[in-house]
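*Asks:* Attaching a single structure in structure tokens format; questions to follow.
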Amino acid sequence: MKISIRKIVVCAALLGFTTVHAQTVKDAIKMTESERYEAATSAFKKLIKNGDEQGGDTWFYYGDNFLQWSMLDSAKMMFQKGADSKPSNPLNFVGLGSVSWREGSGDAAKQAFYKAISLTTTQAKELPKDKQVMVYLKIADAYMQASTKNLPDAFTNINAAMKVDPKNPEVYLSLGDYWALKNVTDVSEAIKNYEKAGEMDKTSTKAMIRLGKMWVGVQNREDGLKLFNQAIKMDSTFAPAFHARGDLLLNIGKYDRAISDYRKYLSMNDGITAREKYVAALFLAKNYTVAISEGKEIQKKDSSSIRLYRIMGYSYFENNEFPAGVEAMEKFFRKQKVKNYPPLDRKDFSYYGKLLGKTGKDSLGVEQIKIAIKMDTSYTTEGYGDMGNIYFKAKKYADAAKYYQMKIAHSAKLNPGDFGALGQSYYWNKEYLRADSAFMKITDSYPVYAPAWRGRCWEAQEAMEFEAKPGKDKIEKPEKGKPYFDLVIKNAGTDIERNKKDLIDAYVYLSRYYYLTTKNYDCTKAAALKIQELKPDHPLVKIYMEDKFVKPANADNCKWQ
């Protein structure tokens with residue numbers, strides 16, 4: 001059932017989740033922490049208009065809202081205004097450095113951070129402890145949250161904050177973030193520090209969510225869910241808690257409950273960022289039709305979200321709407337190039353490549369898949385398979401076989417489907433003996449499919465060999481395919497409809513075998529009658545029934561059945 005964005009927003013208003021204009025900087029900061037970026041923007045704008053700059057702090061938090069929202073140009077503008085209005089305030093230099101670091105300007109970032117730290121240390125007696133701590137932690141956060149990380153410098157700044165105020169719970173949250181990135185296989189240090197932050201501030205929903213995510217990451221989903229529930233119970237306006245719980249529910253297959261949480265998240269955060277996350281959730285829940293529908297509705301009102309084009313492109317592929325998917329991905333790439341954000345992902349190129357392949361642009365599609373493999377070597381095996389699929393669809397069977405072979409060579413374990421694809425590629429490339437070898441490996445996995453293809457391989461090989469003999473006409477004398485087509489009939493059993501095509505091919509081959517090779521016309525007629533049962537309009541039926549040898553034959557005398 002389609003749930004429109006408009007309906008969700010209307011329901012949110014009726015339930016009392018309408019945006020409340022912040023009266024203080026603290027209220028606006030809470031909106032940012034709750035990922036309500038649009039509402040926070042309005043609040044900060046109002047505060048600035050009213051002259052509530054708080055010595056440049058408001059400019060910093062205004063810019064930080066844009067930074068968390070990944071709007072780097074706007075963030076930089078606010079930080080610069082703050083630095084210009086109050087050059088002695090270190091926070092805005094932290095902000096400028098954070099933008100530079102995300103943009104890849106490491107030297108400029110470190111210069112700005114150095115200036116912020118210098119201002120902090122020289123004013124240590126005047127600056128409140130919490131502000132000094134904020135300087136160091138925001139620098140650490142910049143190093144940890146950007147795509148390019150600098151964990152040693154992050155750790156140095158967290159320690160500096162610890163020296164200023166070892167009783168500040170935010171320090172332990174940052175320390176937990178550090179250890180979560182530093183050691184992904186042992187999360188004990190991260191958990192210990194998140195627990196410490198929670199003990200120091202028992203109302204910290206941020207600590208609960210971080211700790212919950214850690215437990216989920218080590219497959220302790222029950223404790224993770226408890227913490228998400230606890231955070232929601234403590235603060236039902238903290239949107240990230242609904243998002244985190246939605247992610248967990250989605251991962252364990254509770255799609256309806258997950259979508260419900262994402263709708264709740266959206267009801268509190270009706271911005272474009274929240275909406276795109278809702279569409280992303282629909283995509284992950286494999287509800288592609290609704291994801292596309294909602295994405296279109298969003299784009300009618302606001303087409304600024306670059307990520308949304310990405311999600312739409314992915315969804316179009318999964319929904320078999322390939323031309324629309326190509327268009328969406330190409331818009332995504334164009335817009336991403338202008339903003340240099342969001343960071344490109346392997347899936348961007350793999351989905352784009354597969355979409356191109358589905359629309360007949362096989363060479364271009366393969367090039368995109370190659371880029372994806374270079375970006376993420378864990379995609380190598382799957383990527384070779386995707387390239388094989390593209391070439392197979394383009395009927396470039398030799399190339400398809402090449403990449404299916406490469407996929408098999410890189411696979412940790414045998415995948416019967418890969419040998420099936422390899423076998424068909426060889427078959428259609430008229431390499432029948434190679435095809436037979438591929439299908440031979442999967443007979444146990446596919447007791448009807450594999451023998452049917454082995455039979456076809458030998459049928460084609462025999463025809464090719466017979467036609468190659470000089471002075472011979474093209475009358476086929478089948479023989480080597482018989483044992484495989486016998487297996488098809490035996491293994492198909494009573495599952496006739498499912499195996500109908502393979503059975504027809506089997507009986508056609510056997511009818512020729514008995515007619516041309518053994519001249520057993522009773523069995524020829526028996527096979528013809530089976531073909532007639534399965535496909536009454538098959539041309540061989542009429543030929544056999546009018547044949548002077550087959551017409552008088554008695555199918556009941558056939559012993560092959």
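Here, A, B, ... name the chains of the structure tokens in the order displayed, residue numbers run from 1 inside each chain, and ligands are numbered from 1 in the same displayed order.
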Excluding Asn251 in chain A and residues on its chain fewer than 5 positions from it, collect all residues at most 9 Å away from it, counting only C-alpha atoms, and give them as a VMD selection string.
*Replies:* chain A and resid 246 258 284 to 285
*Asks:* Grab the residues selected above and save them as an mmCIF file, in the first residue's frame with N, CA and C atoms.
*Replies:*
data_model
loop_
_atom_site.group_PDB
_atom_site.id
_atom_site.type_symbol
_atom_site.label_atom_id
_atom_site.label_comp_id
_atom_site.auth_asym_id
_atom_site.auth_seq_id
_atom_site.Cartn_x
_atom_site.Cartn_y
_atom_site.Cartn_z
ATOM 1 N N GLY A 246 14.827 1.145 13.762
ATOM 2 C CA GLY A 246 14.363 0.755 12.439
ATOM 3 C C GLY A 246 15.409 -0.046 11.684
ATOM 4 N N ALA A 258 9.937 -2.058 11.002
ATOM 5 C CA ALA A 258 11.030 -1.160 10.625
ATOM 6 C C ALA A 258 10.489 0.057 9.890
ATOM 7 N N LEU A 284 15.815 -0.925 1.171
ATOM 8 C CA LEU A 284 16.426 -2.029 1.900
ATOM 9 C C LEU A 284 15.404 -3.106 2.253
ATOM 10 N N ALA A 285 14.146 -2.685 2.432
ATOM 11 C CA ALA A 285 13.072 -3.638 2.706
ATOM 12 C C ALA A 285 12.584 -4.312 1.426
#
*Asks:* Select from range 192-278 of chain A everything DSSP, run on the backbone, classes as alpha helix (DSSP H), then give the selection as a PyMOL selection string.
*Replies:* chain A and resi 192-200+205-217+221-234+239-251+255-268+272-278
*Asks:* Taking into account only C-alpha atoms, which residue in the set A:Ile306, A:Ala142, A:Ala463, A:Met200 is nearest to Asn168 in chain A?
*Replies:*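 Among A:Ile306, A:Ala142, A:Ala463, A:Met200, it is A:Met200 that comes nearest to Asn168 in chain A.
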*Asks:* Would you kindly return, as a PyMOL selection string, each protein, DNA or RNA residue with an atom no farther than 12 Å from any atom of range 319-323 of chain A, considering only C-alpha atoms and excluding same-chain residues fewer than 5 positions away?
*Replies:* chain A and resi 283+286-293+312-314+328-330+351-361
*Asks:* Could you write out the selected residues, including N, CA and C atoms, as a CSV table (one decimal), in the first residue's frame?
*Replies:*
chain,number,residue,atom,x,y,z
A,283,PHE,N,13.8,0.8,0.2
A,283,PHE,CA,14.7,0.1,-0.7
A,283,PHE,C,15.3,-1.1,0.0
A,286,LYS,N,13.2,-4.0,0.3
A,286,LYS,CA,12.9,-4.5,-1.0
A,286,LYS,C,11.5,-4.2,-1.5
A,287,ASN,N,11.0,-3.0,-1.0
A,287,ASN,CA,9.7,-2.5,-1.4
A,287,ASN,C,10.0,-1.5,-2.5
A,288,TYR,N,10.5,-1.9,-3.6
A,288,TYR,CA,11.1,-1.0,-4.6
A,288,TYR,C,10.0,-0.1,-5.3
A,289,THR,N,8.8,-0.7,-5.5
A,289,THR,CA,7.8,0.1,-6.2
A,289,THR,C,7.4,1.3,-5.3
A,290,VAL,N,7.2,1.1,-4.0
A,290,VAL,CA,6.9,2.2,-3.1
A,290,VAL,C,8.0,3.2,-3.0
A,291,ALA,N,9.2,2.6,-2.9
A,291,ALA,CA,10.4,3.5,-2.9
A,291,ALA,C,10.5,4.4,-4.1
A,292,ILE,N,10.2,3.9,-5.2
A,292,ILE,CA,10.2,4.7,-6.4
A,292,ILE,C,9.1,5.8,-6.4
A,293,SER,N,7.9,5.3,-6.0
A,293,SER,CA,6.8,6.2,-5.9
A,293,SER,C,7.0,7.4,-4.9
A,312,MET,N,17.0,6.0,-6.0
A,312,MET,CA,16.1,5.8,-7.1
A,312,MET,C,16.7,4.9,-8.2
A,313,GLY,N,18.0,5.2,-8.5
A,313,GLY,CA,18.6,4.4,-9.5
A,313,GLY,C,18.7,2.9,-9.1
A,314,TYR,N,19.1,2.7,-7.9
A,314,TYR,CA,19.2,1.3,-7.4
A,314,TYR,C,17.8,0.6,-7.4
A,328,ALA,N,18.4,8.0,-13.8
A,328,ALA,CA,18.5,8.5,-12.4
A,328,ALA,C,20.0,8.4,-12.0
A,329,MET,N,20.7,7.4,-12.3
A,329,MET,CA,22.2,7.3,-12.0
A,329,MET,C,23.0,8.4,-12.7
A,330,GLU,N,22.7,8.7,-13.9
A,330,GLU,CA,23.4,9.7,-14.6
A,330,GLU,C,23.2,11.1,-14.0
A,351,TYR,N,25.8,-0.7,-9.8
A,351,TYR,CA,24.4,-0.6,-10.3
A,351,TYR,C,24.4,0.1,-11.6
A,352,TYR,N,25.2,1.1,-11.8
A,352,TYR,CA,25.2,1.9,-13.1
A,352,TYR,C,25.6,0.9,-14.2
A,353,GLY,N,26.7,0.2,-13.9
A,353,GLY,CA,27.2,-0.8,-14.9
A,353,GLY,C,26.1,-1.8,-15.3
A,354,LYS,N,25.4,-2.3,-14.3
A,354,LYS,CA,24.4,-3.3,-14.6
A,354,LYS,C,23.2,-2.7,-15.4
A,355,LEU,N,22.9,-1.5,-15.0
A,355,LEU,CA,21.8,-0.8,-15.8
A,355,LEU,C,22.2,-0.6,-17.2
A,356,LEU,N,23.4,-0.2,-17.4
A,356,LEU,CA,23.9,0.1,-18.8
A,356,LEU,C,23.9,-1.3,-19.6
A,357,GLY,N,24.3,-2.3,-18.9
A,357,GLY,CA,24.2,-3.6,-19.6
A,357,GLY,C,22.8,-4.0,-20.0
A,358,LYS,N,21.9,-3.7,-19.1
A,358,LYS,CA,20.5,-4.1,-19.4
A,358,LYS,C,19.9,-3.3,-20.5
A,359,THR,N,20.5,-2.1,-20.8
A,359,THR,CA,20.0,-1.3,-21.9
A,359,THR,C,20.8,-1.3,-23.1
A,360,GLY,N,21.6,-2.4,-23.2
A,360,GLY,CA,22.3,-2.6,-24.5
A,360,GLY,C,23.7,-2.0,-24.6
A,361,LYS,N,24.2,-1.3,-23.5
A,361,LYS,CA,25.5,-0.7,-23.6
A,361,LYS,C,26.5,-1.5,-22.8
*Asks:* Given the choices A:Ala239, A:Ala197, A:Ala527, A:Met134, which gets closest to Tyr61 in chain A if the distance is worked out from only C-alpha atoms?
*Replies:*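 Among A:Ala239, A:Ala197, A:Ala527, A:Met134, it is A:Met134 that comes nearest to Tyr61 in chain A.
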*Asks:* Expressed in Å to a single decimal, how great is the separation between CA of Glu479 in chain A and CA of Tyr427 in chain A?
*Replies:*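 CA of Glu479 in chain A sits 18.4 Å away from CA of Tyr427 in chain A.
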*Asks:* Please, what distance in Å, to one decimal, runs between CA of Asp84 in chain A and CA of Tyr114 in chain A?
*Replies:* 17.3 Å
